[in-house]
>>> print(open('target28.txt').read())   # compact mmCIF, C-alpha atoms and all ligand atoms
# COMPACT_ATOMS: atom_id res chain seq x y z
CA MET A 988 21.51 -22.60 -35.99
CA GLU A 989 20.78 -21.08 -39.38
CA LEU A 990 18.79 -23.17 -41.84
CA ARG A 991 18.56 -22.72 -45.57
CA ILE A 992 15.16 -23.46 -47.05
CA LEU A 993 14.53 -23.74 -50.80
CA CYS A 994 10.99 -22.99 -51.97
CA ILE A 995 10.17 -23.98 -55.56
CA GLY A 996 7.37 -22.55 -57.70
CA ASP A 997 4.69 -24.49 -59.58
CA VAL A 998 6.17 -27.58 -61.25
CA VAL A 999 4.64 -27.88 -64.73
CA GLY A 1000 4.38 -31.22 -66.52
CA ARG A 1001 7.18 -33.51 -67.56
CA PRO A 1002 9.68 -30.67 -68.24
CA GLY A 1003 9.10 -29.38 -64.71
CA ARG A 1004 9.55 -32.84 -63.16
CA GLN A 1005 12.73 -33.38 -65.18
CA VAL A 1006 14.39 -30.11 -64.19
CA LEU A 1007 13.42 -30.75 -60.56
CA ARG A 1008 15.25 -34.09 -60.65
CA GLU A 1009 18.25 -32.55 -62.39
CA ALA A 1010 18.51 -29.42 -60.23
CA LEU A 1011 17.88 -30.55 -56.65
CA PRO A 1012 21.10 -32.52 -56.07
CA VAL A 1013 23.10 -29.61 -57.57
CA LEU A 1014 21.33 -26.89 -55.57
CA THR A 1015 21.42 -28.92 -52.34
CA LYS A 1016 25.20 -29.19 -52.58
CA GLN A 1017 25.79 -25.66 -53.83
CA HIS A 1018 23.66 -23.95 -51.15
CA SER A 1019 23.84 -26.45 -48.23
CA LEU A 1020 20.06 -26.79 -48.18
CA ASP A 1021 18.25 -28.11 -45.09
CA CYS A 1022 14.72 -28.30 -46.48
CA ILE A 1023 13.06 -28.23 -49.90
CA ILE A 1024 9.42 -27.18 -50.32
CA THR A 1025 7.82 -27.71 -53.74
CA ASN A 1026 4.55 -26.43 -55.16
CA ALA A 1027 3.56 -29.34 -57.41
CA GLU A 1028 0.06 -28.33 -58.50
CA ASN A 1029 0.77 -28.54 -62.25
CA SER A 1030 3.06 -31.58 -62.26
CA THR A 1031 0.77 -33.98 -64.12
CA ASP A 1032 0.19 -32.78 -67.70
CA GLY A 1033 0.01 -29.22 -66.43
CA ALA A 1034 -2.95 -29.66 -64.05
CA GLY A 1035 -2.90 -31.50 -60.74
CA LEU A 1036 -0.60 -34.13 -59.27
CA SER A 1037 -1.12 -37.88 -59.71
CA ALA A 1038 -0.08 -40.36 -57.02
CA ALA A 1039 2.75 -41.60 -59.28
CA HIS A 1040 4.05 -38.10 -59.88
CA TYR A 1041 3.77 -37.31 -56.16
CA GLN A 1042 6.26 -40.15 -55.65
CA LYS A 1043 8.56 -38.66 -58.30
CA VAL A 1044 8.45 -35.16 -56.80
CA VAL A 1045 9.40 -36.69 -53.43
CA ALA A 1046 12.10 -38.90 -54.99
CA ALA A 1047 13.60 -35.81 -56.67
CA GLY A 1048 14.31 -34.43 -53.19
CA SER A 1049 11.23 -32.48 -52.05
CA HIS A 1050 10.61 -32.69 -48.30
CA LEU A 1051 7.26 -30.87 -48.25
CA ILE A 1052 4.68 -30.39 -51.01
CA THR A 1053 1.98 -27.78 -51.55
CA LEU A 1054 -0.69 -27.62 -54.25
CA GLY A 1055 -3.31 -25.07 -55.31
CA ASP A 1056 -6.55 -24.63 -57.21
CA HIS A 1057 -5.80 -27.75 -59.34
CA ILE A 1058 -5.43 -29.92 -56.22
CA TYR A 1059 -8.02 -32.64 -56.93
CA ARG A 1060 -7.66 -32.87 -60.74
CA ARG A 1061 -6.20 -36.42 -60.41
CA ARG A 1062 -8.46 -38.78 -58.51
CA ASP A 1063 -5.67 -40.92 -57.02
CA ILE A 1064 -4.12 -37.95 -55.19
CA ILE A 1065 -6.99 -38.03 -52.68
CA GLN A 1066 -5.65 -41.10 -50.87
CA VAL A 1067 -2.19 -39.49 -50.82
CA MET A 1068 -3.68 -36.31 -49.35
CA GLU A 1069 -5.36 -38.34 -46.61
CA THR A 1070 -2.40 -40.55 -45.68
CA ALA A 1071 0.92 -38.85 -46.50
CA ASP A 1072 2.44 -36.54 -43.89
CA ASN A 1073 4.45 -34.31 -46.24
CA ILE A 1074 1.72 -32.75 -48.42
CA VAL A 1075 -0.97 -30.18 -47.59
CA LYS A 1076 -4.25 -28.92 -48.99
CA PRO A 1077 -5.10 -25.20 -49.01
CA ALA A 1078 -6.38 -24.61 -45.48
CA ASN A 1079 -9.23 -22.35 -46.59
CA LEU A 1080 -10.99 -25.06 -48.60
CA PRO A 1081 -14.11 -26.47 -46.92
CA THR A 1082 -13.34 -28.71 -43.91
CA GLN A 1083 -14.58 -31.82 -45.72
CA ALA A 1084 -11.98 -31.36 -48.51
CA PRO A 1085 -9.51 -34.28 -48.28
CA GLY A 1086 -6.05 -33.51 -46.92
CA LYS A 1087 -4.10 -32.05 -44.05
CA GLU A 1088 -3.82 -28.37 -43.15
CA PHE A 1089 -0.15 -28.42 -42.17
CA ALA A 1090 2.82 -30.74 -42.56
CA ILE A 1091 6.11 -30.82 -40.66
CA HIS A 1092 9.56 -31.85 -41.89
CA ARG A 1093 12.22 -32.68 -39.31
CA THR A 1094 15.80 -32.02 -40.35
CA GLU A 1095 18.59 -34.44 -39.42
CA SER A 1096 19.34 -32.29 -36.37
CA GLY A 1097 15.67 -32.45 -35.31
CA VAL A 1098 14.53 -28.94 -36.24
CA GLY A 1099 10.87 -28.84 -37.29
CA ILE A 1100 9.74 -26.89 -40.37
CA ALA A 1101 5.98 -26.55 -40.92
CA VAL A 1102 4.31 -25.67 -44.19
CA ILE A 1103 0.78 -24.43 -44.79
CA SER A 1104 -1.05 -23.37 -47.93
CA VAL A 1105 -3.93 -20.97 -48.56
CA LEU A 1106 -5.75 -19.89 -51.73
CA GLY A 1107 -6.35 -16.30 -52.71
CA ARG A 1108 -9.84 -14.99 -53.45
CA LEU A 1109 -9.18 -12.13 -55.90
CA PHE A 1110 -9.61 -13.18 -59.57
CA MET A 1111 -9.68 -16.90 -58.62
CA LYS A 1112 -12.36 -19.17 -60.12
CA LEU A 1113 -12.35 -21.44 -57.07
CA GLN A 1114 -13.97 -19.49 -54.25
CA ALA A 1115 -12.41 -20.43 -50.93
CA ASN A 1116 -12.94 -19.17 -47.38
CA CYS A 1117 -10.99 -16.22 -45.95
CA PRO A 1118 -7.25 -16.97 -46.42
CA PHE A 1119 -6.21 -14.57 -43.65
CA ALA A 1120 -8.45 -16.21 -41.04
CA ALA A 1121 -7.39 -19.69 -42.24
CA ALA A 1122 -3.68 -18.81 -41.95
CA ASP A 1123 -4.26 -17.49 -38.41
CA ARG A 1124 -6.16 -20.62 -37.40
CA VAL A 1125 -3.59 -23.10 -38.76
CA ILE A 1126 -0.57 -21.18 -37.42
CA ALA A 1127 -2.19 -21.36 -33.96
CA ALA A 1128 -2.63 -25.16 -34.37
CA ILE A 1129 1.03 -25.90 -35.20
CA PRO A 1130 2.88 -27.44 -32.19
CA SER A 1131 4.69 -24.68 -30.29
CA ASP A 1132 8.10 -26.42 -30.54
CA VAL A 1133 8.00 -25.89 -34.32
CA LYS A 1134 9.35 -22.38 -34.76
CA ILE A 1135 9.79 -22.35 -38.53
CA ILE A 1136 6.52 -21.81 -40.41
CA VAL A 1137 6.36 -21.44 -44.18
CA VAL A 1138 3.23 -20.20 -45.94
CA ASP A 1139 2.42 -20.76 -49.63
CA PHE A 1140 -0.16 -18.18 -50.69
CA HIS A 1141 -1.55 -19.50 -53.97
CA ALA A 1142 -3.14 -16.43 -55.44
CA GLU A 1143 -3.51 -14.32 -58.57
CA ALA A 1144 -3.35 -10.74 -57.26
CA THR A 1145 -0.06 -9.26 -56.05
CA SER A 1146 -2.00 -6.91 -53.75
CA GLU A 1147 -3.62 -9.81 -51.90
CA LYS A 1148 -0.25 -11.57 -51.60
CA ILE A 1149 1.56 -8.49 -50.28
CA ALA A 1150 -1.27 -7.98 -47.77
CA MET A 1151 -0.72 -11.56 -46.56
CA GLY A 1152 3.00 -10.88 -46.17
CA TRP A 1153 2.26 -7.93 -43.86
CA HIS A 1154 -0.48 -9.86 -42.04
CA LEU A 1155 1.95 -12.67 -41.17
CA ASP A 1156 5.10 -10.57 -40.61
CA GLY A 1157 6.75 -11.84 -37.43
CA ARG A 1158 4.50 -14.91 -37.25
CA ALA A 1159 5.66 -16.83 -40.34
CA SER A 1160 9.30 -17.44 -41.30
CA ILE A 1161 8.60 -17.31 -45.04
CA VAL A 1162 5.55 -16.19 -47.03
CA PHE A 1163 5.82 -16.93 -50.74
CA GLY A 1164 3.31 -16.56 -53.55
CA THR A 1165 2.57 -19.14 -56.25
CA HIS A 1166 0.01 -19.61 -59.07
CA THR A 1167 0.91 -16.84 -61.53
CA HIS A 1168 3.97 -18.76 -62.84
CA VAL A 1169 5.95 -15.52 -63.30
CA PRO A 1170 8.76 -14.75 -60.82
CA THR A 1171 8.56 -11.37 -59.14
CA ALA A 1172 11.56 -9.21 -58.15
CA ASP A 1173 10.18 -8.02 -54.79
CA GLU A 1174 11.85 -10.49 -52.45
CA ARG A 1175 12.71 -8.93 -49.09
CA VAL A 1176 12.84 -9.57 -45.38
CA LEU A 1177 9.97 -7.67 -43.74
CA PRO A 1178 10.61 -5.65 -40.52
CA LYS A 1179 9.59 -8.45 -38.15
CA ARG A 1180 11.79 -10.85 -40.14
CA THR A 1181 9.45 -12.73 -42.38
CA ALA A 1182 11.03 -13.50 -45.75
CA TYR A 1183 8.58 -12.54 -48.49
CA ILE A 1184 8.16 -12.77 -52.28
CA SER A 1185 4.98 -12.25 -54.31
CA ASP A 1186 5.63 -15.12 -56.73
CA LEU A 1187 8.32 -17.79 -56.96
CA GLY A 1188 7.80 -18.28 -60.71
CA MET A 1189 7.19 -21.58 -62.41
CA THR A 1190 9.40 -24.63 -62.70
CA GLY A 1191 8.75 -25.64 -66.27
CA PRO A 1192 9.06 -24.54 -69.91
CA TYR A 1193 9.41 -20.76 -70.37
CA ASP A 1194 9.15 -20.91 -74.20
CA SER A 1195 5.41 -20.82 -73.56
CA VAL A 1196 2.56 -18.83 -72.06
CA ILE A 1197 2.88 -19.74 -68.37
CA GLY A 1198 3.84 -23.32 -69.29
CA ARG A 1199 1.50 -23.99 -72.21
CA ASP A 1200 2.16 -24.13 -75.98
CA ARG A 1201 2.43 -20.46 -76.89
CA ASN A 1202 0.94 -20.77 -80.41
CA ARG A 1203 -2.22 -22.38 -79.03
CA VAL A 1204 -2.63 -19.79 -76.28
CA VAL A 1205 -1.92 -16.78 -78.51
CA GLY A 1206 -4.32 -18.16 -81.14
CA THR A 1207 -7.04 -18.61 -78.55
CA PHE A 1208 -6.60 -15.08 -77.22
CA ILE A 1209 -7.01 -13.72 -80.76
CA SER A 1210 -9.83 -15.97 -81.99
CA GLY A 1211 -11.76 -16.27 -78.73
CA VAL A 1212 -12.30 -19.95 -79.56
CA PRO A 1213 -11.30 -22.22 -76.61
CA SER A 1214 -8.82 -24.99 -77.49
CA PRO A 1215 -6.78 -27.54 -75.53
CA PHE A 1216 -3.48 -26.15 -74.26
CA ASP A 1217 -0.62 -28.66 -74.34
CA VAL A 1218 2.32 -28.31 -71.96
CA ALA A 1219 5.24 -26.65 -73.78
CA THR A 1220 8.69 -28.23 -73.98
CA ASN A 1221 11.54 -25.73 -74.32
CA ASP A 1222 13.60 -23.31 -72.20
CA THR A 1223 12.92 -25.21 -69.00
CA ARG A 1224 13.92 -23.56 -65.74
CA LEU A 1225 13.49 -24.13 -62.03
CA CYS A 1226 12.50 -20.95 -60.16
CA GLY A 1227 12.17 -20.21 -56.48
CA ILE A 1228 13.87 -18.67 -53.48
CA ILE A 1229 16.27 -19.69 -50.75
CA ALA A 1230 15.60 -18.17 -47.34
CA THR A 1231 17.94 -18.26 -44.36
CA VAL A 1232 16.04 -18.84 -41.12
CA GLU A 1233 17.22 -19.03 -37.49
CA SER A 1234 16.03 -22.33 -36.00
CA THR A 1235 15.39 -21.21 -32.41
CA THR A 1236 13.37 -18.09 -33.26
CA GLY A 1237 11.97 -18.95 -36.70
CA ARG A 1238 12.95 -15.49 -37.93
CA ALA A 1239 14.44 -14.98 -41.39
CA SER A 1240 17.62 -13.03 -42.11
CA ALA A 1241 17.92 -13.35 -45.91
CA ILE A 1242 16.04 -14.26 -49.06
CA GLN A 1243 17.48 -14.72 -52.54
CA ARG A 1244 15.90 -15.66 -55.84
CA ILE A 1245 17.08 -18.86 -57.49
CA ARG A 1246 16.93 -19.78 -61.16
CA TYR A 1247 18.34 -23.03 -62.53
CA ASP A 1248 18.27 -23.56 -66.30
CA ALA A 1249 17.88 -27.17 -67.45
CA ASN A 1250 20.65 -28.70 -69.48
CA PRO A 1251 19.36 -28.23 -73.08
CA ALA A 1252 20.66 -31.68 -74.00
CA THR A 1253 18.19 -33.31 -71.62
CA GLN A 1254 15.16 -31.39 -72.92
CA ARG A 1255 12.79 -33.00 -75.38
FE FE A 1301 0.16 -23.24 -61.11
FE FE A 1302 -2.85 -22.42 -59.51
>>> encode(input="target28.txt", output="structure tokens")
Amino acid sequence: MELRILCIGDVVGRPGRQVLREALPVLTKQHSLDCIITNAENSTDGAGLSAAHYQKVVAAGSHLITLGDHIYRRRDIIQVMETADNIVKPANLPTQAPGKEFAIHRTESGVGIAVISVLGRLFMKLQANCPFAAADRVIAAIPSDVKIIVVDFHAEATSEKIAMGWHLDGRASIVFGTHTHVPTADERVLPKRTAYISDLGMTGPYDSVIGRDRNRVVGTFISGVPSPFDVATNDTRLCGIIATVESTTGRASAIQRIRYDANPATQR
């Protein structure tokens, strides 16, 4: 059986949450989706995910949730990380970091889809353990009846992400990049049938600098004086990919980029 899996890039603030709620019923119907995986690391005011917003991201239709370097910005997410079975921490954080290293969604027909997350090390402030070794370790720990494995590589450098794609080719069904908030045009199915893209892009306001008020960010680049960056509000889009994966082998046959523009009437 072929499954269609939607992977959604970093949800940013209220605009991101709103377009998620608006888009998921439409995309689910349009593309006959079987599973939706959402990177929600910027959902609460642009940094982190609160427990309340976790509930909203799930209610919007997400089956599995990944985060990133902003994972613990909201204190009340820690209990969610420890108890919920549909959200993961980056597996290369220290072992004492709260959260689970993989999560599994079962479709209505009983097919298991596992998600894992790892952080990059190039140009990242948060220094994590080796993402390649962590991915190997967690993939080996996933129950063998779960053939579909999706990896969110939350990283800055395209070179590190592409290297991860090759490292996991034939062992992961999908490897997608997040964190840079800019969609890349390099989606492809690798030779051993892993669907790959360097970055899904952000789900949030594009009239911005990667989700933040563009005047503030541009001003700060020019003046060198740090200032608070508010989440922007306009030109909100959902960005991600849909991959087609065979349920018995876990191998991918197709990957396509998805962009959904929010109805302007519903934007603030
Ligand atoms: Fe992000
Ligand atoms: Fe990030």
>>> atom_distance(input="target28.txt", atom1="CA of His1154 (chain A)", atom2="CA of Val1232 (chain A)")
18.8 Å
>>> residues_around(input="target28.txt", residues="region 1021-1025 of chain A", least_positions_apart="6", cutoff="7 Å", atoms="all atoms listed in the file", output="number ranges by chain")
A: 990-996, 1049-1053, 1094
>>> residues_near_ligand(input="target28.txt", ligand="ligand FE 1302 (chain A)", cutoff="7 Å", atoms="all atoms listed in the file", output="CSV table (one decimal) with C-alpha atoms, in the coordinates of the input")
chain,number,residue,atom,x,y,z
A,1028,GLU,CA,0.1,-28.3,-58.5
A,1055,GLY,CA,-3.3,-25.1,-55.3
A,1056,ASP,CA,-6.6,-24.6,-57.2
A,1057,HIS,CA,-5.8,-27.8,-59.3
A,1141,HIS,CA,-1.6,-19.5,-54.0
A,1166,HIS,CA,0.0,-19.6,-59.1
>>> residues_near_ligand(input="target28.txt", ligand="ligand FE 1301 (chain A)", cutoff="12 Å", atoms="only C-alpha atoms and all ligand atoms", output="MDAnalysis selection string")
chainID A and resid 995:1000 1003 1025:1036 1053:1058 1106 1111 1139:1143 1164:1169 1186:1191 1197:1199
>>> residues_around(input="target28.txt", residues="Pro1012 (chain A)", least_positions_apart="4", cutoff="9 Å", atoms="only C-alpha atoms", output="PyMOL selection string")
chain A and resi 1008+1016-1017+1047-1048
>>> atom_distance(input="target28.txt", atom1="CA of Asp1072 (chain A)", atom2="CA of Glu1088 (chain A)")
10.3 Å
>>> residues_around(input="target28.txt", residues="Leu1155 (chain A)", least_positions_apart="4", cutoff="10 Å", atoms="all atoms listed in the file", output="short mmCIF file (atom, residue, chain, number, x, y, z; two decimals) with C-alpha atoms, in the frame of the given file")
data_model
loop_
_atom_site.label_atom_id
_atom_site.label_comp_id
_atom_site.auth_asym_id
_atom_site.auth_seq_id
_atom_site.Cartn_x
_atom_site.Cartn_y
_atom_site.Cartn_z
CA PHE A 1119 -6.21 -14.57 -43.65
CA ALA A 1122 -3.68 -18.81 -41.95
CA ASP A 1123 -4.26 -17.49 -38.41
CA ILE A 1126 -0.57 -21.18 -37.42
CA VAL A 1138 3.23 -20.20 -45.94
CA ALA A 1150 -1.27 -7.98 -47.77
CA MET A 1151 -0.72 -11.56 -46.56
CA ALA A 1159 5.66 -16.83 -40.34
CA SER A 1160 9.30 -17.44 -41.30
CA ILE A 1161 8.60 -17.31 -45.04
CA VAL A 1162 5.55 -16.19 -47.03
CA LEU A 1177 9.97 -7.67 -43.74
CA LYS A 1179 9.59 -8.45 -38.15
CA THR A 1181 9.45 -12.73 -42.38
CA TYR A 1183 8.58 -12.54 -48.49
#
>>> atom_distance(input="target28.txt", atom1="CA of Ser1214 (chain A)", atom2="CA of Phe1110 (chain A)")
21.5 Å
>>> closest_atom_pairs(input="target28.txt", of="region 1189-1233 of chain A", to="region 1240-1250 of chain A", cutoff="6 Å", atoms="all atoms listed in the file", output="Markdown table")
| residue | atom | partner | partner_atom | distance |
| --- | --- | --- | --- | --- |
| A:Thr1223 | CA | A:Ala1249 | CA | 5.6 |
| A:Arg1224 | CA | A:Asp1248 | CA | 4.4 |
| A:Leu1225 | CA | A:Tyr1247 | CA | 5.0 |
| A:Cys1226 | CA | A:Arg1246 | CA | 4.7 |
| A:Gly1227 | CA | A:Ile1245 | CA | 5.2 |
| A:Ile1228 | CA | A:Arg1244 | CA | 4.3 |
| A:Ile1229 | CA | A:Gln1243 | CA | 5.4 |
| A:Ala1230 | CA | A:Ile1242 | CA | 4.3 |
| A:Thr1231 | CA | A:Ala1241 | CA | 5.1 |
>>> residues_near_point(input="target28.txt", point="(-4.5, -22.9, -43.3)", cutoff="8 Å", atoms="all atoms listed in the file", output="ChimeraX atom specification")
/A:1077-1079,1088-1089,1103-1105,1118,1121-1126
>>> residues_around(input="target28.txt", residues="Val1067 (chain A)", least_positions_apart="3", cutoff="9 Å", atoms="all atoms listed in the file", output="PyMOL selection string")
chain A and resi 1038+1041+1063-1064+1070-1072+1074+1086
